[in-house]
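A.B. asks: The structure is given below, and queries will be raised subsequently.
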Amino acid sequence: MKNLILPLFCLFLMFFLSGCGLMEDAFKAGLIFGLIIIAIVGLLIWILRSVVKLLIRKGILQLSE
């Protein structure tokens with residue numbers, strides 16, 4: 001279920017932002033804007049995971065399981 005929360009939230013956000021009506025093809029503009037947001041959030045999560053793994057490997061960060 002955790003794997004589906006972020007894509008569902010981004011899909012909801014994408015459709016929510018598409019209804020602005022201030023320009024022609026508002027749906028397409030919202031869709032593209034939503035895809036850009038998804039790409040940025042995915043990139044930030046990927047970078048954060050990489051940094052945490054690097055810190056754990058270096059011994060700077062220790063997580064108790």
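Chain identifiers are assigned as A, B, and so on, following the order in which chains appear in the structure tokens; residues are numbered from 1 within each chain, and ligands are numbered from 1 in order of appearance.
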Output as an MDAnalysis selection string all residues of segment 5-64 of chain A that backbone DSSP marks as helix (DSSP H, G or I).

C.D. replies: chainID A and resid 5:17 26:58

A.B. asks: So, with only C-alpha atoms as the atoms that count, which of A:Leu54, A:Ile32, A:Ile45, A:Ile38 lies closest to Cys10 of chain A?

C.D. replies: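 For Cys10 of chain A, the nearest of the candidates is A:Ile38.
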
A.B. asks: Might you pull out every residue within 10 Å of Gln62 of chain A, with only C-alpha atoms counted and same-chain residues fewer than 6 positions away left off, and present them as a PyMOL selection string?

C.D. replies: chain A and resi 52+55-56

A.B. asks: Please write the residues from the selection above to a file, keeping C-alpha atoms, as a short mmCIF file (atom, residue, chain, number, x, y, z; two decimals), in the first residue's frame.

C.D. replies:
data_model
loop_
_atom_site.label_atom_id
_atom_site.label_comp_id
_atom_site.auth_asym_id
_atom_site.auth_seq_id
_atom_site.Cartn_x
_atom_site.Cartn_y
_atom_site.Cartn_z
CA VAL A 52 21.35 8.10 3.28
CA LEU A 55 26.13 7.98 5.00
CA ILE A 56 25.31 4.52 6.32
#

A.B. asks: Just want the 12 Å neighbourhood of Ile36 of chain A, counted on only C-alpha atoms, with same-chain residues fewer than 5 positions away dropped. Output as a PDB file with N, CA and C atoms, in the first residue's frame.

C.D. replies:
ATOM      1  N   CYS A  10       0.069  11.927  -6.536  1.00  0.00           N
ATOM      2  CA  CYS A  10       0.532  12.728  -7.674  1.00  0.00           C
ATOM      3  C   CYS A  10      -0.504  12.731  -8.795  1.00  0.00           C
ATOM      4  N   LEU A  11      -1.183  11.601  -9.005  1.00  0.00           N
ATOM      5  CA  LEU A  11      -2.239  11.550 -10.014  1.00  0.00           C
ATOM      6  C   LEU A  11      -3.389  12.483  -9.627  1.00  0.00           C
ATOM      7  N   LEU A  13      -3.163  15.119  -7.683  1.00  0.00           N
ATOM      8  CA  LEU A  13      -2.644  16.475  -7.815  1.00  0.00           C
ATOM      9  C   LEU A  13      -2.609  16.914  -9.277  1.00  0.00           C
ATOM     10  N   MET A  14      -2.241  15.985 -10.153  1.00  0.00           N
ATOM     11  CA  MET A  14      -2.163  16.282 -11.569  1.00  0.00           C
ATOM     12  C   MET A  14      -3.545  16.647 -12.122  1.00  0.00           C
ATOM     13  N   ALA A  29      -1.946  21.302 -20.051  1.00  0.00           N
ATOM     14  CA  ALA A  29      -0.997  22.076 -19.254  1.00  0.00           C
ATOM     15  C   ALA A  29      -0.901  21.503 -17.843  1.00  0.00           C
ATOM     16  N   GLY A  30      -2.041  21.131 -17.261  1.00  0.00           N
ATOM     17  CA  GLY A  30      -2.026  20.535 -15.930  1.00  0.00           C
ATOM     18  C   GLY A  30      -1.360  19.180 -15.930  1.00  0.00           C
ATOM     19  N   LEU A  31      -1.561  18.417 -17.001  1.00  0.00           N
ATOM     20  CA  LEU A  31      -0.941  17.102 -17.114  1.00  0.00           C
ATOM     21  C   LEU A  31       0.575  17.233 -17.196  1.00  0.00           C
ATOM     22  N   VAL A  41       9.776  15.360  -7.605  1.00  0.00           N
ATOM     23  CA  VAL A  41       9.632  14.637  -6.333  1.00  0.00           C
ATOM     24  C   VAL A  41      10.384  13.317  -6.386  1.00  0.00           C
ATOM     25  N   GLY A  42      10.269  12.597  -7.504  1.00  0.00           N
ATOM     26  CA  GLY A  42      10.998  11.336  -7.657  1.00  0.00           C
ATOM     27  C   GLY A  42      12.499  11.538  -7.601  1.00  0.00           C
ATOM     28  N   LEU A  43      12.988  12.594  -8.236  1.00  0.00           N
ATOM     29  CA  LEU A  43      14.419  12.886  -8.206  1.00  0.00           C
ATOM     30  C   LEU A  43      14.884  13.221  -6.796  1.00  0.00           C
TER      31      LEU A  43
END

A.B. asks: Between A:Leu35, A:Val51, A:Ile60, A:Leu44, single out the one closest to Pro7 of chain A, counting only C-alpha atoms.

C.D. replies: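 Once distances to Pro7 of chain A are computed over only C-alpha atoms, the minimum belongs to A:Leu35.
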